[in-house]
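Chemist: The structure file work_39.csv (CSV, C-alpha atoms) is provided below.
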```csv
chain,number,residue,atom,x,y,z
A,16,MET,CA,-12.8,-12.1,18.0
A,17,ALA,CA,-9.2,-12.5,16.8
A,18,LYS,CA,-8.4,-10.9,13.5
A,19,ILE,CA,-6.1,-12.2,10.7
A,20,LEU,CA,-4.3,-9.3,8.9
A,21,VAL,CA,-2.3,-9.9,5.8
A,22,VAL,CA,0.5,-7.6,4.6
A,23,THR,CA,0.8,-8.0,0.9
A,24,SER,CA,1.9,-6.2,-2.3
A,25,GLY,CA,2.6,-8.4,-5.3
A,26,LYS,CA,5.9,-6.7,-6.0
A,27,GLY,CA,9.0,-7.4,-4.0
A,28,GLY,CA,11.1,-4.9,-2.1
A,29,VAL,CA,8.4,-2.4,-1.3
A,30,GLY,CA,8.5,-2.9,2.4
A,31,LYS,CA,6.2,-5.8,3.3
A,32,THR,CA,8.4,-7.3,6.0
A,33,THR,CA,9.3,-3.9,7.4
A,34,THR,CA,5.6,-3.1,7.5
A,35,SER,CA,4.6,-6.5,9.1
A,36,ALA,CA,7.2,-6.0,11.8
A,37,ALA,CA,6.1,-2.4,12.5
A,38,ILE,CA,2.4,-3.3,12.4
A,39,GLY,CA,2.7,-6.3,14.6
A,40,THR,CA,4.9,-4.5,17.1
A,41,GLY,CA,2.6,-1.5,17.1
A,42,LEU,CA,-0.4,-3.6,17.9
A,43,ALA,CA,1.5,-5.2,20.8
A,44,LEU,CA,2.6,-1.7,22.0
A,45,ARG,CA,-1.1,-0.8,22.2
A,46,GLY,CA,-1.7,-3.8,24.4
A,47,HIS,CA,-3.0,-6.4,21.9
A,48,LYS,CA,-1.6,-9.8,22.0
A,49,THR,CA,-0.1,-10.3,18.6
A,50,VAL,CA,1.8,-12.9,16.5
A,51,ILE,CA,3.6,-12.1,13.2
A,52,VAL,CA,3.8,-15.1,10.9
A,53,ASP,CA,6.4,-15.2,8.1
A,54,PHE,CA,4.9,-16.9,5.0
A,55,ASP,CA,8.0,-16.5,2.9
A,56,VAL,CA,9.2,-20.2,3.0
A,57,GLY,CA,12.7,-20.5,1.7
A,58,LEU,CA,13.5,-16.8,1.9
A,59,ARG,CA,12.7,-15.9,5.5
A,60,ASN,CA,13.6,-12.4,6.7
A,61,LEU,CA,11.1,-11.4,9.3
A,62,ASP,CA,13.3,-13.0,12.0
A,63,LEU,CA,16.2,-10.6,11.0
A,64,ILE,CA,14.0,-7.5,10.9
A,65,MET,CA,12.6,-8.5,14.4
A,66,GLY,CA,16.0,-9.3,15.7
A,67,CYS,CA,15.2,-12.9,16.8
A,68,GLU,CA,17.2,-14.7,14.0
A,69,ARG,CA,19.4,-16.6,16.5
A,70,ARG,CA,16.4,-17.9,18.5
A,71,VAL,CA,14.6,-19.8,15.7
A,72,VAL,CA,14.6,-23.4,16.6
A,73,TYR,CA,11.3,-24.6,15.1
A,74,ASP,CA,9.4,-22.9,12.3
A,75,PHE,CA,6.0,-22.7,10.6
A,76,VAL,CA,6.7,-25.8,8.4
A,77,ASN,CA,7.7,-27.9,11.4
A,78,VAL,CA,4.3,-27.0,13.0
A,79,VAL,CA,2.4,-27.8,9.8
A,80,ASN,CA,4.1,-31.1,9.5
A,81,GLY,CA,3.6,-31.9,13.2
A,82,GLU,CA,7.3,-32.0,14.0
A,83,ALA,CA,6.9,-29.4,16.7
A,84,ASN,CA,3.9,-27.8,18.4
A,85,LEU,CA,3.0,-24.2,18.3
A,86,GLN,CA,4.3,-23.4,21.8
A,87,GLN,CA,7.7,-24.7,20.8
A,88,ALA,CA,7.8,-22.7,17.5
A,89,LEU,CA,6.5,-19.3,18.8
A,90,ILE,CA,9.4,-17.0,19.5
A,91,LYS,CA,8.6,-14.5,22.3
A,92,ASP,CA,9.8,-10.9,21.6
A,93,LYS,CA,12.5,-9.8,24.0
A,94,ARG,CA,11.1,-6.2,24.2
A,95,LEU,CA,7.4,-6.7,24.4
A,96,GLU,CA,5.5,-9.1,26.7
A,97,ASN,CA,2.6,-9.8,24.3
A,98,LEU,CA,4.4,-10.1,20.9
A,99,PHE,CA,5.4,-13.3,19.2
A,100,VAL,CA,7.0,-14.4,15.9
A,101,LEU,CA,6.5,-17.6,13.9
A,102,ALA,CA,9.4,-17.9,11.5
A,103,ALA,CA,9.2,-19.4,8.1
A,104,SER,CA,11.4,-22.3,7.2
A,105,GLN,CA,14.6,-21.4,5.5
A,106,THR,CA,15.4,-24.9,4.0
A,107,ARG,CA,12.2,-26.2,2.6
A,108,ASP,CA,10.8,-25.3,-0.8
A,109,LYS,CA,7.8,-23.1,-1.1
A,110,ASP,CA,5.4,-26.0,-1.6
A,111,ALA,CA,6.0,-27.1,2.0
A,112,LEU,CA,2.8,-25.3,3.2
A,113,THR,CA,-0.6,-26.8,2.5
A,114,GLN,CA,-3.9,-25.1,2.8
A,115,GLU,CA,-5.2,-27.5,5.4
A,116,GLY,CA,-1.9,-27.2,7.4
A,117,VAL,CA,-2.0,-23.4,7.3
A,118,GLU,CA,-5.7,-23.3,8.3
A,119,LYS,CA,-5.1,-25.4,11.3
A,120,VAL,CA,-2.1,-23.3,12.5
A,121,LEU,CA,-4.0,-20.0,11.9
A,122,MET,CA,-7.1,-21.2,13.7
A,123,ASP,CA,-5.0,-22.4,16.7
A,124,LEU,CA,-3.3,-19.0,16.8
A,125,LYS,CA,-6.7,-17.2,16.7
A,126,LYS,CA,-7.6,-18.9,20.0
A,127,ASP,CA,-4.6,-17.4,21.7
A,128,PHE,CA,-4.0,-14.1,20.0
A,129,GLU,CA,-6.0,-10.9,19.2
A,130,TYR,CA,-4.1,-10.2,16.0
A,131,VAL,CA,-2.4,-12.6,13.6
A,132,VAL,CA,-0.3,-10.6,11.1
A,133,CYS,CA,0.7,-12.6,8.0
A,134,ASP,CA,3.8,-11.4,6.2
A,135,SER,CA,3.2,-12.4,2.6
A,136,PRO,CA,6.0,-13.3,0.2
A,137,ALA,CA,6.2,-11.3,-3.1
A,138,GLY,CA,4.6,-12.7,-6.2
A,139,ILE,CA,1.2,-14.4,-6.6
A,140,GLU,CA,2.1,-18.0,-6.1
A,141,LYS,CA,1.3,-20.4,-3.4
A,142,GLY,CA,2.9,-18.7,-0.4
A,143,ALA,CA,1.3,-15.3,-1.2
A,144,HIS,CA,-2.0,-17.1,-1.9
A,145,LEU,CA,-2.0,-18.9,1.5
A,146,ALA,CA,-1.0,-15.7,3.3
A,147,MET,CA,-4.1,-13.9,2.2
A,148,TYR,CA,-6.5,-16.8,1.8
A,149,PHE,CA,-7.8,-16.7,5.5
A,150,ALA,CA,-7.4,-13.0,6.0
A,151,ASP,CA,-10.0,-10.7,7.5
A,152,GLU,CA,-8.2,-7.5,6.6
A,153,ALA,CA,-5.4,-6.7,4.2
A,154,ILE,CA,-2.8,-4.0,4.1
A,155,ILE,CA,-1.6,-3.5,0.5
A,156,VAL,CA,1.9,-2.0,0.6
A,157,THR,CA,2.6,0.2,-2.4
A,158,ASN,CA,5.5,2.4,-3.5
A,159,PRO,CA,4.6,5.5,-5.6
A,160,GLU,CA,6.0,3.9,-8.7
A,161,VAL,CA,4.4,2.3,-11.8
A,162,SER,CA,5.2,-1.4,-11.4
A,163,SER,CA,4.3,-1.4,-7.7
A,164,VAL,CA,1.0,0.3,-8.3
A,165,ARG,CA,0.1,-2.1,-11.1
A,166,ASP,CA,1.0,-5.1,-9.0
A,167,SER,CA,-1.0,-3.8,-6.1
A,168,ASP,CA,-4.1,-3.6,-8.3
A,169,ARG,CA,-3.5,-7.2,-9.3
A,170,MET,CA,-3.4,-8.2,-5.6
A,171,LEU,CA,-6.6,-6.3,-5.0
A,172,GLY,CA,-8.3,-8.4,-7.7
A,173,LEU,CA,-7.0,-11.6,-6.1
A,174,LEU,CA,-8.1,-10.5,-2.6
A,175,ALA,CA,-11.6,-9.9,-4.0
A,176,SER,CA,-11.8,-13.3,-5.7
A,177,LYS,CA,-9.4,-15.9,-4.4
A,178,SER,CA,-9.8,-15.6,-0.6
A,179,ARG,CA,-11.9,-17.8,1.6
A,180,ARG,CA,-14.2,-14.9,2.3
A,181,ALA,CA,-14.8,-14.5,-1.4
A,182,GLU,CA,-15.3,-18.3,-2.0
A,183,ARG,CA,-17.8,-18.5,0.9
A,184,ASN,CA,-19.6,-15.3,-0.2
A,185,GLU,CA,-18.9,-13.7,3.2
A,186,ASP,CA,-18.2,-10.0,3.7
A,187,PRO,CA,-15.1,-9.2,1.6
A,188,ILE,CA,-11.6,-8.7,3.1
A,189,LYS,CA,-11.3,-5.1,4.3
A,190,GLU,CA,-8.6,-3.5,2.2
A,191,HIS,CA,-6.2,-0.8,3.4
A,192,LEU,CA,-3.7,1.0,1.2
A,193,LEU,CA,-0.3,1.8,2.8
A,194,ILE,CA,2.0,4.0,0.7
A,195,THR,CA,5.7,3.5,1.6
A,196,ARG,CA,9.0,5.1,0.5
A,197,TYR,CA,7.2,8.4,-0.1
A,198,HIS,CA,9.3,11.3,-1.1
A,199,PRO,CA,7.4,14.6,-0.7
A,200,GLU,CA,10.1,16.6,-2.4
A,201,ARG,CA,10.1,14.5,-5.5
A,202,VAL,CA,6.3,14.6,-5.6
A,203,SER,CA,6.3,18.4,-5.5
A,204,LYS,CA,8.8,18.4,-8.4
A,205,GLY,CA,6.4,16.2,-10.4
A,206,GLU,CA,8.9,13.3,-10.4
A,207,MET,CA,6.9,10.9,-8.2
A,208,LEU,CA,3.3,9.9,-8.0
A,209,GLY,CA,1.5,11.7,-5.2
A,210,VAL,CA,-0.7,10.2,-2.5
A,211,ASP,CA,-3.9,11.3,-4.3
A,212,ASP,CA,-2.7,9.9,-7.6
A,213,VAL,CA,-2.1,6.4,-6.1
A,214,LYS,CA,-5.4,6.6,-4.3
A,215,ASP,CA,-7.2,7.6,-7.5
A,216,ILE,CA,-5.8,4.8,-9.5
A,217,LEU,CA,-6.3,2.0,-6.9
A,218,SER,CA,-9.5,3.4,-5.2
A,219,VAL,CA,-8.8,1.9,-1.8
A,220,ASP,CA,-9.0,3.5,1.6
A,221,LEU,CA,-5.6,4.9,2.6
A,222,ILE,CA,-4.4,3.9,6.0
A,223,GLY,CA,-1.0,5.6,6.0
A,224,VAL,CA,1.9,7.1,4.2
A,225,ILE,CA,5.4,6.2,5.3
A,226,PRO,CA,8.1,8.6,4.1
A,227,GLU,CA,11.4,7.4,2.6
A,228,SER,CA,13.6,7.4,5.7
A,229,GLU,CA,17.1,6.7,6.9
A,230,ALA,CA,15.5,5.2,10.0
A,231,VAL,CA,14.2,2.2,8.2
A,232,LEU,CA,17.7,0.9,7.1
A,233,LYS,CA,19.1,1.8,10.5
A,234,ALA,CA,16.3,-0.2,12.3
A,235,SER,CA,16.8,-3.2,10.1
A,236,ASN,CA,20.5,-3.1,10.6
A,237,GLN,CA,19.9,-3.4,14.3
A,238,GLY,CA,17.0,-5.9,14.2
A,239,VAL,CA,14.6,-3.4,15.8
A,240,PRO,CA,11.2,-2.8,14.2
A,241,VAL,CA,11.3,0.9,13.0
A,242,ILE,CA,8.1,1.7,14.9
A,243,LEU,CA,10.1,1.5,18.1
A,244,ASP,CA,12.3,4.4,16.9
A,245,ASP,CA,9.7,6.9,18.0
A,246,GLN,CA,11.9,9.9,17.2
A,247,SER,CA,12.0,9.0,13.5
A,248,ASP,CA,9.5,10.1,10.8
A,249,ALA,CA,8.9,6.5,9.6
A,250,GLY,CA,8.4,5.3,13.2
A,251,GLN,CA,5.8,8.0,13.9
A,252,ALA,CA,4.1,7.4,10.5
A,253,TYR,CA,3.7,3.7,11.4
A,254,SER,CA,2.5,4.7,14.8
A,255,ASP,CA,-0.2,6.8,13.2
A,256,THR,CA,-1.1,3.9,10.9
A,257,ILE,CA,-1.7,1.6,13.9
A,258,ASP,CA,-4.0,4.2,15.4
A,259,ARG,CA,-6.0,4.4,12.2
A,260,LEU,CA,-6.1,0.6,12.0
A,261,LEU,CA,-7.6,0.7,15.5
A,262,GLY,CA,-10.3,3.2,14.4
A,263,LYS,CA,-8.8,6.6,15.2
A,264,ASN,CA,-9.1,9.4,12.7
A,265,LEU,CA,-5.7,11.1,12.3
A,266,PRO,CA,-4.5,13.5,9.6
A,267,LEU,CA,-1.6,12.4,7.4
A,268,ARG,CA,1.9,13.5,8.4
A,269,PHE,CA,5.2,13.7,6.4
A,270,ILE,CA,3.5,14.2,3.1
A,271,GLU,CA,4.4,17.8,2.7
A,272,MET,CA,7.9,19.1,1.7
A,273,PRO,CA,9.7,20.9,4.5
A,274,LYS,CA,9.0,24.6,4.0
A,275,GLN,CA,11.6,26.6,2.1
A,276,GLY,CA,12.6,30.1,2.8
A,277,PHE,CA,11.7,33.0,0.4
A,278,PHE,CA,15.1,33.2,-1.3
A,279,ALA,CA,15.4,29.5,-1.7
A,280,ARG,CA,12.0,29.5,-3.4
A,281,LEU,CA,13.0,32.5,-5.6
A,282,PHE,CA,16.3,31.1,-6.8
A,283,GLY,CA,15.7,27.4,-6.4
A,284,GLY,CA,17.5,25.6,-3.6
A,285,LYS,CA,19.2,22.7,-5.2
B,1387,MET,CA,8.9,26.1,-9.5
B,1388,ASN,CA,11.3,29.0,-9.0
B,1389,LEU,CA,11.9,32.3,-10.7
B,1390,PHE,CA,14.2,30.9,-13.4
B,1391,ASP,CA,11.7,28.2,-14.3
B,1392,PHE,CA,9.1,30.9,-14.6
B,1393,PHE,CA,11.0,32.8,-17.2
B,1394,ARG,CA,12.0,29.6,-19.0
B,1395,GLY,CA,8.3,29.1,-19.5
B,1396,ARG,CA,6.2,26.2,-18.2
B,1397,GLN,CA,7.9,22.9,-18.4
B,1398,LYS,CA,6.3,20.1,-20.3
B,1399,GLN,CA,4.2,17.5,-18.6
B,1400,SER,CA,5.8,16.1,-15.5
B,1401,SER,CA,6.9,12.4,-15.5
B,1402,ALA,CA,4.6,11.7,-12.5
B,1403,SER,CA,1.6,12.8,-14.5
B,1404,VAL,CA,2.7,10.6,-17.4
B,1405,ALA,CA,3.0,7.7,-15.0
B,1406,LYS,CA,-0.5,8.4,-13.7
B,1407,GLU,CA,-2.1,8.5,-17.1
B,1408,ARG,CA,-0.3,5.3,-18.2
B,1409,LEU,CA,-1.4,3.5,-15.0
B,1410,GLN,CA,-5.0,4.6,-15.2
B,1411,ILE,CA,-5.2,3.2,-18.7
B,1412,ILE,CA,-3.5,-0.2,-18.0
B,1413,VAL,CA,-5.3,-0.7,-14.7
B,1414,ALA,CA,-8.7,-0.1,-16.3
B,1415,HIS,CA,-7.8,-2.5,-19.1
B,1416,GLU,CA,-6.6,-5.2,-16.7
B,1417,ARG,CA,-9.7,-4.8,-14.5
B,1418,GLY,CA,-11.9,-5.3,-17.5
B,1419,GLN,CA,-10.0,-8.5,-18.4
B,1420,ARG,CA,-10.3,-9.8,-14.8
B,1421,THR,CA,-14.0,-10.1,-15.1
B,1422,THR,CA,-14.1,-11.6,-18.6
B,1423,PRO,CA,-14.2,-15.4,-18.9
B,1424,ASP,CA,-11.0,-16.8,-20.4
B,1425,TYR,CA,-12.9,-18.6,-23.2
B,1426,LEU,CA,-13.5,-15.3,-25.1
B,1427,PRO,CA,-10.3,-15.4,-27.2
B,1428,ALA,CA,-11.0,-19.0,-28.3
B,1429,LEU,CA,-14.6,-18.1,-29.1
B,1430,GLN,CA,-13.5,-15.2,-31.2
B,1431,LYS,CA,-11.0,-17.4,-33.1
B,1432,GLU,CA,-13.5,-20.1,-33.9
B,1433,LEU,CA,-16.1,-17.6,-35.0
B,1434,VAL,CA,-13.6,-16.1,-37.4
B,1435,GLU,CA,-12.9,-19.6,-38.9
B,1436,VAL,CA,-16.6,-20.4,-39.3
B,1437,ILE,CA,-17.4,-17.0,-41.0
B,1438,ARG,CA,-14.4,-17.4,-43.2
B,1439,LYS,CA,-16.0,-20.5,-44.8
B,1440,TYR,CA,-18.5,-18.1,-46.4
B,1441,VAL,CA,-16.9,-14.6,-46.4
B,1442,ASN,CA,-13.3,-13.6,-46.5
B,1443,ILE,CA,-12.6,-11.6,-43.3
B,1444,GLY,CA,-9.5,-10.8,-41.3
B,1445,ASN,CA,-8.7,-12.0,-37.8
B,1446,ASP,CA,-9.6,-8.6,-36.3
B,1447,ASP,CA,-13.0,-8.3,-38.1
B,1448,VAL,CA,-14.8,-10.1,-35.3
B,1449,VAL,CA,-15.0,-8.3,-32.0
B,1450,VAL,CA,-16.4,-10.2,-29.0
B,1451,ALA,CA,-17.2,-8.4,-25.8
B,1452,LEU,CA,-19.0,-9.4,-22.7
B,1453,GLU,CA,-20.8,-6.8,-20.7
B,1454,ASN,CA,-22.3,-7.2,-17.3
B,1455,GLN,CA,-25.3,-5.1,-16.4
B,1456,GLY,CA,-26.6,-6.0,-12.9
B,1457,SER,CA,-27.7,-9.7,-13.1
B,1458,CYS,CA,-27.7,-9.7,-16.9
B,1459,SER,CA,-24.7,-10.5,-19.1
B,1460,ILE,CA,-24.7,-9.4,-22.7
B,1461,LEU,CA,-22.4,-11.0,-25.2
B,1462,GLU,CA,-21.8,-8.6,-28.0
B,1463,LEU,CA,-20.6,-9.7,-31.4
B,1464,ASN,CA,-19.4,-7.2,-33.9
B,1465,ILE,CA,-18.6,-8.6,-37.3
B,1466,THR,CA,-17.2,-6.3,-40.0
B,1467,LEU,CA,-17.9,-7.7,-43.5
B,1468,PRO,CA,-15.6,-6.7,-46.3
B,1469,GLU,CA,-16.9,-4.1,-48.9
B,1470,ARG,CA,-18.1,-5.6,-52.1
```
Please rewrite the model in this file as structure tokens.

Modeler:
Amino acid sequence: MAKILVVTSGKGGVGKTTTSAAIGTGLALRGHKTVIVDFDVGLRNLDLIMGCERRVVYDFVNVVNGEANLQQALIKDKRLENLFVLAASQTRDKDALTQEGVEKVLMDLKKDFEYVVCDSPAGIEKGAHLAMYFADEAIIVTNPEVSSVRDSDRMLGLLASKSRRAERNEDPIKEHLLITRYHPERVSKGEMLGVDDVKDILSVDLIGVIPESEAVLKASNQGVPVILDDQSDAGQAYSDTIDRLLGKNLPLRFIEMPKQGFFARLFGGK
Amino acid sequence: MNLFDFFRGRQKQSSASVAKERLQIIVAHERGQRTTPDYLPALQKELVEVIRKYVNIGNDDVVVALENQGSCSILELNITLPER
């Protein structure tokens, strides 16, 4: 049975699109036919992160309005055989999506794909609501920072009450916490919330920790999902996250500070 | 913590632990509000008005709280009357 996964956070700029691109690409790398759907109508960016911005002809809103069919709007990834992108519309306003329209598109995608990854816009308005409404599982992207953690908690409340599963009294959406832009050195200095702090506050199962990494900007500059940079720390952390999502039990990596020598510890490095 | 920090004596509470404390408080508070129906503030306001017809009380002298215990909801009213 196909699964609908939403990547959400409440707060903007925490790494939702980076994560959607990495998760979708990672699932396709593991052999699952996957589509990533951009719900950020008016401010689309998934196409840029995936490197397919010049191949967008029809978008999500065109399909909802019947101006194009799904096959015309789905953009096939150039690198992976079983990966597709459905871009958001850049010109329409954010009310262009309707619940019925989104439901029809998602149900059609479920027939064809194993995973439908929904990249939610920031905020808690219509786009964000529709992105999570039909979800089976949710990845809540959180930075170790007060406003992001608080907004994530708000999203958890909405996932539990305002989704189709909640309204139909079905099993709740399975929630996974993904901490991004983690800085082990600052955590050890007491300048940043640690993994356990964020877990304690939100009490959600942790699926991964992505370190703050130069590789993320480098990847987005080039339009390559960072998970394809398998030499980078962030790429490897996302790869571990995919394995956990698929049921493997892996220890967390990149959450400890690199070891300092004896003298550095004694006299303080920098 | 290095040698110099050690001689300087323990630093005061780190900013991360301040953040954690603040978040734990605000998140618990907001979770509580999430489950309370939105008519409670209006109910409290009207109760104050009714009671004021008979006794002079302040706006904060009526506390309304809704508690859920399993399948049972308890509406708790706490009214502080002025001293005579």

Chemist: With all atoms listed in the file as the atoms that count, which of A:Tyr148, A:Phe75, A:Tyr197, A:Phe269 lies nearest to A:Lys177?

Modeler: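 Among A:Tyr148, A:Phe75, A:Tyr197, A:Phe269, it is A:Tyr148 that comes nearest to A:Lys177.
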
Chemist: Write out as a list in words the residues lying within 10 Å of A:Phe54, counting all atoms listed in the file and excluding same-chain residues fewer than 3 positions away.

Modeler: Ile51, Gly57, Leu58, Arg59, Asn60, Leu61, Phe75, Val76, Leu101, Ala102, Ala103, Ser104, Lys109, Leu112, Val117, Cys133, Asp134, Ser135, Pro136, Ala137, Lys141, Gly142, Ala143, His144, Leu145, Ala146 and Met147 of chain A

Chemist: Could you list, as a CSV table (one decimal) with C-alpha atoms, in the frame of the given file, the residues of chain A having an atom within 9 Å of chain B when counting all atoms listed in the file?

Modeler:
```csv
chain,number,residue,atom,x,y,z
A,160,GLU,CA,6.0,3.9,-8.7
A,161,VAL,CA,4.4,2.3,-11.8
A,162,SER,CA,5.2,-1.4,-11.4
A,164,VAL,CA,1.0,0.3,-8.3
A,165,ARG,CA,0.1,-2.1,-11.1
A,168,ASP,CA,-4.1,-3.6,-8.3
A,169,ARG,CA,-3.5,-7.2,-9.3
A,172,GLY,CA,-8.3,-8.4,-7.7
A,202,VAL,CA,6.3,14.6,-5.6
A,204,LYS,CA,8.8,18.4,-8.4
A,205,GLY,CA,6.4,16.2,-10.4
A,206,GLU,CA,8.9,13.3,-10.4
A,207,MET,CA,6.9,10.9,-8.2
A,208,LEU,CA,3.3,9.9,-8.0
A,209,GLY,CA,1.5,11.7,-5.2
A,212,ASP,CA,-2.7,9.9,-7.6
A,213,VAL,CA,-2.1,6.4,-6.1
A,215,ASP,CA,-7.2,7.6,-7.5
A,216,ILE,CA,-5.8,4.8,-9.5
A,217,LEU,CA,-6.3,2.0,-6.9
A,279,ALA,CA,15.4,29.5,-1.7
A,280,ARG,CA,12.0,29.5,-3.4
A,281,LEU,CA,13.0,32.5,-5.6
A,282,PHE,CA,16.3,31.1,-6.8
A,283,GLY,CA,15.7,27.4,-6.4
A,284,GLY,CA,17.5,25.6,-3.6
```

Chemist: Excluding stretch 1461-1470 of chain B and residues on its chain fewer than 4 positions from it, collect all residues at most 10 Å away from it, counting all atoms listed in the file, and give them as number ranges by chain.

Modeler: B: 1426, 1430, 1433-1434, 1437, 1441-1444, 1446-1454

Chemist: Take atom CA of A:Val120 and atom CA of A:Pro187 and report the distance between them in Å, one decimal.

Modeler: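 Result for atom CA of A:Val120 versus atom CA of A:Pro187: 22.1 Å, one decimal.
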
Chemist: Show which residues sit within 12 Å of A:Gly116, as an MDAnalysis selection string. Count all atoms listed in the file, and ignore same-chain residues fewer than 6 positions away.

Modeler: chainID A and resid 75:81 110 122:123 145

Chemist: Using all atoms of stretch 97-100 of chain A that appear in the file, construct an axis-aligned enclosing box with 5 Å of padding on every side and provide its centre coordinates and edge lengths in Å, rounded to one decimal, as AutoDock Vina command-line options.

Modeler:
```
--center_x 4.8 --center_y -12.1 --center_z 20.1 --size_x 14.4 --size_y 14.6 --size_z 18.4
```

Chemist: Determine, counting all atoms listed in the file, which protein, DNA and RNA residues have an atom within 8 Å of an atom of stretch 231-241 of chain A; residues of the same chain fewer than 3 positions away are not included. Present the result as a list in words.

Modeler: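 Neighbouring residues, sequence-local ones excluded: Thr33, Ala36, Ala37, Thr40, Leu63, Ile64, Met65, Gly66, Cys67, Ser228, Asp244, Asp245, Ala249 and Gly250 of chain A.
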
Chemist: Find the residue from A:Glu115, A:Glu271, A:Glu152, A:Asp127 that sits nearest to A:Ile225; use only C-alpha atoms when measuring.

Modeler: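 Nearest to A:Ile225: A:Glu271.
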
Chemist: Atom CA of A:Gln87 and atom CA of A:Leu44, how far apart in Å?

Modeler: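 These two atoms are separated by 23.6 Å.
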
Chemist: Measuring atom to atom with only C-alpha atoms, identify which of A:Pro273, A:Ala181, A:Arg107, A:Gly223 is nearest to A:Arg201.

Modeler: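 Smallest distance to A:Arg201 is found for A:Pro273.
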
Chemist: At what distance in Å, to one decimal, does atom CA of A:Gly28 lie from atom CA of A:Leu174?

Modeler: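 Result for atom CA of A:Leu174 versus atom CA of A:Gly28: 20.0 Å, one decimal.
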
Chemist: Kindly reconstruct stretch 1456-1461 of chain B with all heavy atoms and present the result as a compact mmCIF listing (two decimals), in the frame of the given file.

Modeler:
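As written to disk, result_8.txt reads:
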```
# COMPACT_ATOMS: atom_id res chain seq x y z
N GLY B 1456 -25.85 -5.45 -14.05
CA GLY B 1456 -26.60 -6.00 -12.90
C GLY B 1456 -26.52 -7.54 -13.03
O GLY B 1456 -25.45 -8.12 -13.12
N SER B 1457 -27.68 -8.20 -13.05
CA SER B 1457 -27.70 -9.70 -13.10
C SER B 1457 -27.66 -10.20 -14.49
O SER B 1457 -27.70 -11.40 -14.72
CB SER B 1457 -28.94 -10.17 -12.34
OG SER B 1457 -30.08 -9.68 -13.01
N CYS B 1458 -27.60 -9.28 -15.47
CA CYS B 1458 -27.70 -9.70 -16.90
C CYS B 1458 -26.39 -9.54 -17.59
O CYS B 1458 -25.73 -8.51 -17.49
CB CYS B 1458 -28.79 -8.79 -17.50
SG CYS B 1458 -29.00 -9.04 -19.23
N SER B 1459 -25.94 -10.58 -18.28
CA SER B 1459 -24.70 -10.50 -19.10
C SER B 1459 -25.05 -10.43 -20.54
O SER B 1459 -25.89 -11.19 -21.02
CB SER B 1459 -23.83 -11.72 -18.81
OG SER B 1459 -23.50 -11.80 -17.47
N ILE B 1460 -24.41 -9.51 -21.24
CA ILE B 1460 -24.70 -9.40 -22.70
C ILE B 1460 -23.42 -9.72 -23.45
O ILE B 1460 -22.36 -9.15 -23.23
CB ILE B 1460 -25.10 -7.92 -23.02
CG1 ILE B 1460 -26.37 -7.56 -22.24
CG2 ILE B 1460 -25.30 -7.76 -24.51
CD1 ILE B 1460 -26.66 -6.08 -22.23
N LEU B 1461 -23.55 -10.70 -24.33
CA LEU B 1461 -22.40 -11.00 -25.20
C LEU B 1461 -22.64 -10.31 -26.52
O LEU B 1461 -23.62 -10.52 -27.22
CB LEU B 1461 -22.40 -12.57 -25.44
CG LEU B 1461 -21.23 -13.06 -26.29
CD1 LEU B 1461 -19.92 -12.87 -25.56
CD2 LEU B 1461 -21.41 -14.52 -26.66
```
